[in-house]
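One file, input_2.cif, is given below (mmCIF, C-alpha atoms).
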data_protein
loop_
_atom_site.label_atom_id
_atom_site.label_comp_id
_atom_site.auth_asym_id
_atom_site.auth_seq_id
_atom_site.Cartn_x
_atom_site.Cartn_y
_atom_site.Cartn_z
CA MET A 1 98.71 66.72 83.59
CA PRO A 2 95.87 68.38 85.54
CA ILE A 3 95.18 66.91 88.96
CA SER A 4 92.23 69.23 89.64
CA ILE A 5 90.09 71.69 87.72
CA GLN A 6 87.76 74.38 89.10
CA LEU A 7 85.67 76.11 86.42
CA THR A 8 82.97 78.77 86.45
CA PHE A 9 80.83 79.09 83.32
CA LEU A 10 79.99 82.77 82.95
CA ARG A 11 78.23 82.98 79.58
CA ARG A 12 76.96 80.66 76.88
CA THR A 13 79.53 79.46 74.38
CA ALA A 14 79.21 78.65 70.69
CA ALA A 15 80.82 76.10 68.38
CA GLY A 16 83.75 77.87 66.75
CA PRO A 17 87.09 79.56 67.47
CA ALA A 18 87.99 80.39 71.06
CA LEU A 19 90.84 82.23 72.75
CA LEU A 20 92.53 80.67 75.79
CA THR A 21 94.41 83.04 78.09
CA VAL A 22 96.74 81.41 80.62
CA GLN A 23 98.33 83.12 83.62
CA ASP A 24 100.66 81.60 86.19
CA ALA A 25 99.10 81.74 89.64
CA LYS A 26 101.65 79.60 91.48
CA LEU A 27 104.65 77.63 90.20
CA GLY A 28 105.90 74.95 92.58
CA ALA A 29 108.21 71.96 92.76
CA ARG A 30 105.36 69.43 93.00
CA THR A 31 102.23 71.27 91.87
CA SER A 32 101.60 74.41 89.89
CA THR A 33 98.36 76.35 89.49
CA ILE A 34 97.34 78.37 86.46
CA HIS A 35 94.40 80.70 85.86
CA VAL A 36 92.70 80.11 82.52
CA THR A 37 89.96 81.99 80.70
CA LEU A 38 88.16 81.00 77.53
CA SER A 39 86.90 83.90 75.39
CA GLN A 40 84.96 84.10 72.14
CA GLU A 41 84.34 86.95 69.77
CA GLU A 42 80.92 88.59 69.93
CA THR A 43 79.26 91.23 67.79
CA SER A 44 77.30 93.98 69.51
CA SER A 45 75.52 97.08 68.25
CA THR A 46 76.48 100.57 69.38
CA GLY A 47 74.02 103.39 69.98
CA ASP A 48 74.35 104.62 66.38
CA GLY A 49 73.72 101.14 64.95
CA GLU A 50 77.35 100.38 64.23
CA LYS A 51 78.47 96.77 64.67
CA LYS A 52 81.36 96.24 67.04
CA LYS A 53 83.30 93.04 67.72
CA LYS A 54 84.96 92.18 71.00
CA HIS A 55 86.10 89.14 72.95
CA SER A 56 83.93 88.14 75.88
CA VAL A 57 85.06 85.78 78.65
CA LYS A 58 82.87 82.67 78.67
CA VAL A 59 84.65 80.35 81.11
CA ALA A 60 87.14 81.09 83.89
CA GLY A 61 88.91 78.74 86.23
CA TYR A 62 91.95 77.44 88.02
CA ILE A 63 93.82 74.30 86.98
CA THR A 64 96.33 72.58 89.25
CA VAL A 65 98.88 70.47 87.38
CA SER A 66 101.65 68.05 88.29
CA ASP A 67 104.04 65.89 86.28
CA PRO A 68 104.28 62.08 86.75
CA VAL A 69 107.78 62.33 88.21
CA SER A 70 106.59 64.58 91.03
CA GLU A 71 103.49 62.48 91.75
CA VAL A 72 104.96 60.25 94.47
CA GLY A 73 103.68 59.30 97.89
CA LEU A 74 101.17 57.07 99.66
CA SER A 75 98.66 55.23 97.47
CA THR A 76 95.98 53.03 99.03
CA ASP A 77 92.34 52.11 98.47
CA SER A 78 89.54 52.50 101.00
CA ASP A 79 86.58 50.18 101.52
CA TRP A 80 84.39 52.43 99.38
CA THR A 81 82.36 50.69 96.71
CA VAL A 82 79.62 51.66 94.26
CA TYR A 83 76.32 51.48 96.14
CA PRO A 84 73.65 50.57 95.31
CA PRO A 85 75.49 48.15 93.02
CA PRO A 86 75.12 48.65 89.25
CA PRO A 87 73.76 45.89 86.99
CA SER A 88 77.36 44.90 86.31
CA LEU A 89 80.82 46.33 86.85
CA ARG A 90 81.84 44.92 83.48
CA PRO A 91 81.30 46.78 80.20
CA PRO A 92 78.82 45.52 77.61
CA GLU A 93 79.74 42.31 75.82
CA PHE A 94 79.17 41.72 72.12
CA ILE A 95 78.77 38.69 69.90
CA THR A 96 79.36 38.28 66.18
CA THR A 97 76.51 36.66 64.30
CA SER A 98 76.93 34.39 61.31
CA ASN A 99 77.43 35.70 57.79
CA THR A 100 74.49 37.88 56.79
CA GLY A 101 74.61 36.68 53.18
CA ASP A 102 75.57 40.03 51.71
CA GLY A 103 78.69 38.54 50.15
CA ASN A 104 81.25 40.35 52.28
CA GLY A 105 81.88 37.37 54.52
CA LYS A 106 81.26 39.43 57.67
CA GLY A 107 78.62 39.04 60.32
CA ASP A 108 76.90 41.61 62.46
CA VAL A 109 78.25 42.59 65.85
CA ARG A 110 75.48 42.79 68.41
CA LEU A 111 75.04 43.10 72.13
CA ALA A 112 74.95 39.72 73.86
CA PRO A 113 71.29 38.62 74.31
CA ASP A 114 71.61 38.52 78.11
CA SER A 115 73.49 41.82 78.37
CA PRO A 116 72.47 43.95 81.38
CA TRP A 117 73.26 47.02 79.25
CA VAL A 118 71.56 48.64 76.26
CA ARG A 119 72.71 51.47 74.05
CA VAL A 120 71.18 54.84 74.94
CA SER A 121 70.18 57.35 72.26
CA GLN A 122 70.37 61.04 73.09
CA ARG A 123 67.28 63.19 72.65
CA PHE A 124 67.65 66.26 70.46
CA SER A 125 71.02 65.14 69.15
CA LYS A 126 71.17 68.07 66.72
CA PHE A 127 71.02 70.45 69.66
CA ARG A 128 73.34 68.47 71.95
CA ARG A 129 75.89 67.84 69.23
CA ALA A 130 78.86 67.34 71.54
CA TRP A 131 77.26 64.14 72.78
CA ASN A 132 77.29 62.55 69.32
CA HIS A 133 80.94 61.57 69.76
CA THR A 134 80.25 58.70 72.16
CA GLU A 135 78.40 55.45 72.54
CA VAL A 136 76.67 55.28 75.92
CA PHE A 137 75.13 52.15 77.44
CA GLY A 138 72.69 52.23 80.36
CA PRO A 139 70.85 49.54 82.36
CA ALA A 140 68.61 47.29 80.27
CA ASP A 141 66.20 47.00 83.21
CA THR A 142 63.88 49.98 82.74
CA GLU A 143 62.17 49.31 86.08
CA LEU A 144 65.55 49.57 87.78
CA ARG A 145 66.14 52.98 86.21
CA GLN A 146 62.71 54.16 87.38
CA ARG A 147 63.29 52.91 90.94
CA ARG A 148 66.63 54.66 91.11
CA TRP A 149 65.64 58.15 89.97
CA GLY A 150 68.70 60.32 90.53
CA ILE A 151 71.14 57.39 90.41
CA ILE A 152 72.52 56.65 86.94
CA ASP A 153 74.90 53.90 85.82
CA GLN A 154 76.53 53.95 82.40
CA TRP A 155 79.41 52.59 80.35
CA ALA A 156 80.76 54.68 77.50
CA ARG A 157 83.31 54.49 74.72
CA PHE A 158 84.71 57.32 72.63
CA ARG A 159 83.53 57.47 69.01
CA PRO A 160 84.54 60.91 67.63
CA LEU A 161 82.97 62.08 64.40
CA GLY A 162 84.69 63.93 61.58
CA PRO A 163 87.47 63.16 59.07
CA LYS A 164 89.77 61.85 61.81
CA GLY A 165 87.03 60.18 63.82
CA GLY A 166 86.26 56.53 64.33
CA GLU A 167 87.04 54.14 67.14
CA GLY A 168 88.58 56.47 69.69
CA ARG A 169 90.03 55.70 73.11
CA TRP A 170 89.53 57.46 76.43
CA THR A 171 92.56 59.51 77.43
CA ASP A 172 93.25 61.84 80.35
CA GLU A 173 92.16 64.78 78.19
CA ALA A 174 88.89 63.09 77.16
CA VAL A 175 87.85 62.21 80.73
CA ALA A 176 86.80 65.81 81.40
CA TYR A 177 84.45 65.56 78.40
CA LEU A 178 83.00 62.26 79.64
CA ILE A 179 82.23 63.75 83.06
CA ASP A 180 79.63 66.04 81.47
CA LEU A 181 78.03 63.19 79.51
CA SER A 182 74.96 61.41 80.89
CA PRO A 183 71.98 61.10 78.52
CA LEU A 184 69.83 59.24 81.05
CA THR A 185 70.37 61.98 83.62
CA LEU A 186 69.11 64.63 81.21
CA GLN A 187 66.20 62.48 80.10
CA GLY A 188 65.18 62.08 83.74
CA LEU A 189 65.38 65.83 84.32
CA GLU A 190 63.36 66.53 81.16
CA ASP A 191 60.68 64.02 82.16
CA ALA A 192 60.52 65.46 85.68
CA GLY A 193 60.26 69.00 84.32
CA THR A 194 57.50 68.07 81.89
CA ALA A 195 55.58 66.16 84.58
CA ALA A 196 55.78 69.20 86.86
CA GLY A 197 54.46 71.49 84.14
CA TYR A 198 57.75 73.18 83.29
CA ALA A 199 57.67 72.46 79.57
CA ALA A 200 60.42 74.06 77.51
CA ASP A 201 59.49 76.91 75.17
CA ASP A 202 58.45 76.20 71.56
CA GLY A 203 58.17 72.46 72.27
CA GLY A 204 61.95 72.24 72.15
CA PRO A 205 64.39 70.71 74.59
CA PHE A 206 65.57 71.88 77.94
CA TRP A 207 69.05 73.33 78.31
CA PHE A 208 71.23 72.24 81.23
CA PRO A 209 73.99 74.85 81.49
CA THR A 210 76.79 74.19 83.94
CA VAL A 211 77.35 76.93 86.53
CA THR A 212 80.40 75.52 88.30
CA LEU A 213 82.44 72.34 87.83
CA TYR A 214 85.11 70.75 90.01
CA VAL A 215 87.12 67.73 88.84
CA ASP A 216 89.61 65.66 90.83
CA PHE A 217 91.73 63.44 88.56
CA LYS A 218 92.78 60.35 90.50
CA LYS A 219 94.36 57.96 88.00
CA ARG A 220 96.33 58.57 84.83
CA LEU A 221 95.23 56.56 81.81
CA PRO A 222 97.77 55.01 79.42
CA PRO A 223 99.06 58.03 77.46
CA THR A 224 99.59 56.28 74.12
CA THR A 225 96.81 53.69 74.00
CA GLY A 226 94.12 55.06 76.34
CA VAL A 227 91.27 52.71 77.29
CA GLU A 228 88.17 51.64 75.39
CA TRP A 229 85.60 51.68 78.21
CA LEU A 230 84.92 53.87 81.24
CA TYR A 231 82.09 53.50 83.75
CA SER A 232 80.28 56.45 85.36
CA ARG A 233 78.05 56.57 88.44
CA VAL A 234 76.07 59.81 88.25
CA THR A 235 73.99 60.91 91.25
CA MET A 236 71.67 63.83 91.98
CA LYS A 237 70.44 64.56 95.49
CA SER A 238 68.01 67.48 95.11
CA ILE A 239 66.73 69.80 92.40
CA ARG A 240 65.55 73.13 93.78
CA ASN A 241 64.25 76.13 91.81
CA GLY A 242 65.75 74.84 88.60
CA ARG A 243 69.19 74.28 90.14
CA THR A 244 70.82 70.85 90.09
CA ASP A 245 73.63 69.12 91.92
CA ILE A 246 75.42 66.35 90.03
CA ASP A 247 78.19 64.10 91.36
CA VAL A 248 80.14 61.81 89.03
CA VAL A 249 82.50 58.94 89.82
CA VAL A 250 84.44 57.53 86.85
CA LEU A 251 85.92 54.02 87.07
CA ASP A 252 87.95 51.94 84.64
CA GLU A 253 87.39 48.26 83.86
CA ARG A 254 89.51 47.28 86.87
CA GLY A 255 87.14 49.18 89.16
CA GLU A 256 89.75 51.80 90.01
CA VAL A 257 88.70 55.44 90.43
CA VAL A 258 89.80 57.56 87.47
CA ALA A 259 88.13 60.87 88.36
CA LEU A 260 85.61 62.49 90.73
CA ALA A 261 83.49 65.49 89.82
CA THR A 262 80.92 67.81 91.35
CA GLN A 263 78.76 70.09 89.22
CA VAL A 264 76.17 72.78 89.87
CA GLY A 265 73.83 73.35 86.93
CA LEU A 266 70.53 74.86 85.85
CA VAL A 267 67.42 73.53 84.12
CA VAL A 268 66.12 76.14 81.67
CA SER A 269 64.55 76.29 78.23
CA ALA A 270 66.91 75.85 75.30
CA SER A 271 65.55 79.11 73.91
CA ARG A 272 67.89 80.91 76.32
CA ASN A 273 70.82 79.23 74.62
CA LEU A 274 69.53 79.57 71.07
CA LYS A 275 68.29 83.16 71.18
CA GLY A 276 69.58 84.80 68.02
CA ARG A 277 70.79 81.46 66.67
CA GLU A 278 69.35 78.90 64.29
CA LEU A 279 67.16 76.33 66.05
CA PRO A 280 68.72 72.96 65.17
CA TYR A 281 66.02 70.89 66.85
CA LYS A 282 63.06 72.06 64.76
CA THR A 283 63.10 68.86 62.70
CA GLU A 284 63.04 66.64 65.79
CA GLY A 285 59.90 65.80 67.70
CA GLN A 286 59.75 65.66 71.46
CA GLY A 287 59.13 61.93 71.30
CA GLN A 288 62.12 61.11 69.13
CA ALA A 289 64.89 59.07 70.73
CA GLN A 290 63.10 58.92 74.06
CA GLY A 291 64.05 55.33 74.71
CA GLN A 292 67.03 53.36 73.62
CA GLY A 293 65.67 53.28 70.10
CA GLU A 294 66.50 50.90 67.30
CA GLY A 295 70.21 51.08 68.06
CA ALA A 296 69.71 49.44 71.45
CA ALA A 297 69.80 45.91 70.15
CA LYS A 298 72.59 46.39 67.62
CA ALA A 299 75.84 48.29 67.80
CA LYS A 300 78.57 48.58 65.20
CA ILE A 301 82.09 48.21 66.56
#
Same coordinates, now as C-alpha cells:
Amino acid sequence: MPISIQLTFLRRTAAGPALLTVQDAKLGARTSTIHVTLSQEETSSTGDGEKKKKHSVKVAGYITVSDPVSEVGLSTDSDWTVYPPPPSLRPPEFITTSNTGDGNGKGDVRLAPDSPWVRVSQRFSKFRRAWNHTEVFGPADTELRQRRWGIIDQWARFRPLGPKGGEGRWTDEAVAYLIDLSPLTLQGLEDAGTAAGYAADDGGPFWFPTVTLYVDFKKRLPPTTGVEWLYSRVTMKSIRNGRTDIDVVVLDERGEVVALATQVGLVVSASRNLKGRELPYKTEGQGQAQGQGEGAAKAKI
C-alpha cells in the first residue's frame, strides 16, 4: 500500500485509455519507492499535414509503498484537533418516513430535520464528471460557511456510477480520489473569481487544474469492507495570481486521521481544458446547482 504520493501534473488529461509506466527507484526492506508516469495518446499534425500519434506524459510522480507486516513501530496521537470545530464530527443522520402510499410498502429516507449537514450539488456536473461518483454533505448553516471562507467541512460517501456502481465504500485506493473532492471549495473560488471580475470565458465554468499533489496516508482502511463515511477539513490560506494552496485532512468516524494532503493548483477558464474538445457544459446555466438544490432535503440511500 502507498504511504506517500508525490505527483506533478504536466499536461491536461482526458477520459479514456492511459498508459502507466513504473520504474523501481529504491527497493528496501521496509519501504520501497517507485517512479510512475501516466501517458495518453495524442494526435498531432506534421508540417505536411499528416496526422501523427504519440504518447505524451501527463502525470509524473514518486510513490513510496510499504506492506502491513513491515509497518511496525511507535503509534501515538497528539493533542491536535480540528479547529475551528465543525458543525459535528458525526456524519449525517437519516430517518425513514412512513409509507408514501405508492403501494411498495417503503418510505422515503431523508436527512434528519435537525441535521447540521445538507447535501451539496456540484456546479457544472457535466464538466466535472469525476465528482458525480460521490454524495457530499456540507454545513447546513450558510452563514457559517460565509464566515469561514477558506475553511470547508464536509462528509462524503462513495456512490460510483456505471453498471457496477451503487452504494460503494471508501477504501485505501479511493481516499486519493476523495482528497481532490470539495464542491464547496470550488464554489467559493468561482464566486470569488466572479466578484473580482475574473469571469470564465464563454460564460462557462472555471477549471482548477492541480499542479502538484502530496499525500501522506496515515491509517489503513478495512481492505474488504471499507467504510461508508469519511470527513474532510479543507483549508486555503492565500490565492495569489490565480494560484491556490489547498490542505486536506481526512478523518474517519472515530476521528482518527486517515490521510493528509497538500495541493498547489491554478484557477483558469475551462476553455483551456476544453480547447479542441466538445463543451459539455453548454446546456447548463451559471446559476444551476449553485446552492444545495432540491436534493439537499432528501437523499436516497
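Distances here use all atoms listed in the file; by that measure, the residue among A:Ala140, A:Ile5, A:Leu178, A:Leu251 closest to Val65 (chain A) is A:Ile5.
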Enumerate, as a short mmCIF file (atom, residue, chain, number, x, y, z; two decimals) with C-alpha atoms, in the coordinates of the input, the residues matched when the PyMOL selection byres ((chain A and resi 35) around 6) is run on the file above.
data_model
loop_
_atom_site.label_atom_id
_atom_site.label_comp_id
_atom_site.auth_asym_id
_atom_site.auth_seq_id
_atom_site.Cartn_x
_atom_site.Cartn_y
_atom_site.Cartn_z
CA VAL A 22 96.74 81.41 80.62
CA GLN A 23 98.33 83.12 83.62
CA ILE A 34 97.34 78.37 86.46
CA VAL A 36 92.70 80.11 82.52
CA GLY A 61 88.91 78.74 86.23
CA TYR A 62 91.95 77.44 88.02
#
- Query: Between CA of Arg159 (chain A) and CA of Asn132 (chain A), what is the distance, to one decimal in Å?
  - Reply: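 These atoms are spaced 8.1 Å apart.
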- Using all atoms listed in the file, collect all residues at a distance of at most 8 Å from (92.5, 82.6, 74.5) as written in the file, then present them as a list in words.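 Final list of nearby residues, as requested, is Ala18, Leu19, Leu20, Thr21, Val22, Thr37, Leu38 and Ser39 of chain A.
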- Name every residue that the PyMOL selection byres ((chain A and resi 186) around 12) selects in this structure, writing the answer as an MDAnalysis selection string with chains first and numbers rising. chainID A and resid 120:124 128 131 149:152 180:185 187:193 205:209 234:236 244 246 265:268 290
- Item | Picked residues, the PyMOL selection byres ((chain A and resi 233) around 7), as a VMD selection string | chain A and resid 152 to 154 231 to 232 234 to 235 248 to 250
Expected file contents, prior selection, C-alpha atoms, as a tab-separated table (two decimals), in the coordinates of the input:
chain	number	residue	atom	x	y	z
A	152	ILE	CA	72.52	56.65	86.94
A	153	ASP	CA	74.90	53.90	85.82
A	154	GLN	CA	76.53	53.95	82.40
A	231	TYR	CA	82.09	53.50	83.75
A	232	SER	CA	80.28	56.45	85.36
A	234	VAL	CA	76.07	59.81	88.25
A	235	THR	CA	73.99	60.91	91.25
A	248	VAL	CA	80.14	61.81	89.03
A	249	VAL	CA	82.50	58.94	89.82
A	250	VAL	CA	84.44	57.53	86.85
- Message: I want to know what sits within 7 Å of Thr43 (chain A), based on all atoms listed in the file, with residues of the same chain fewer than 6 positions away left out; could you give that as a list in words?
- Response: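 The neighbour list is Lys51, Lys52, Lys53 and Lys54 of chain A.
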Take the selection from the previous step and output its residues with C-alpha atoms, as an mmCIF file, keeping the file's coordinate frame.
data_model
loop_
_atom_site.group_PDB
_atom_site.id
_atom_site.type_symbol
_atom_site.label_atom_id
_atom_site.label_comp_id
_atom_site.auth_asym_id
_atom_site.auth_seq_id
_atom_site.Cartn_x
_atom_site.Cartn_y
_atom_site.Cartn_z
ATOM 1 C CA LYS A 51 78.470 96.770 64.670
ATOM 2 C CA LYS A 52 81.360 96.240 67.040
ATOM 3 C CA LYS A 53 83.300 93.040 67.720
ATOM 4 C CA LYS A 54 84.960 92.180 71.000
#
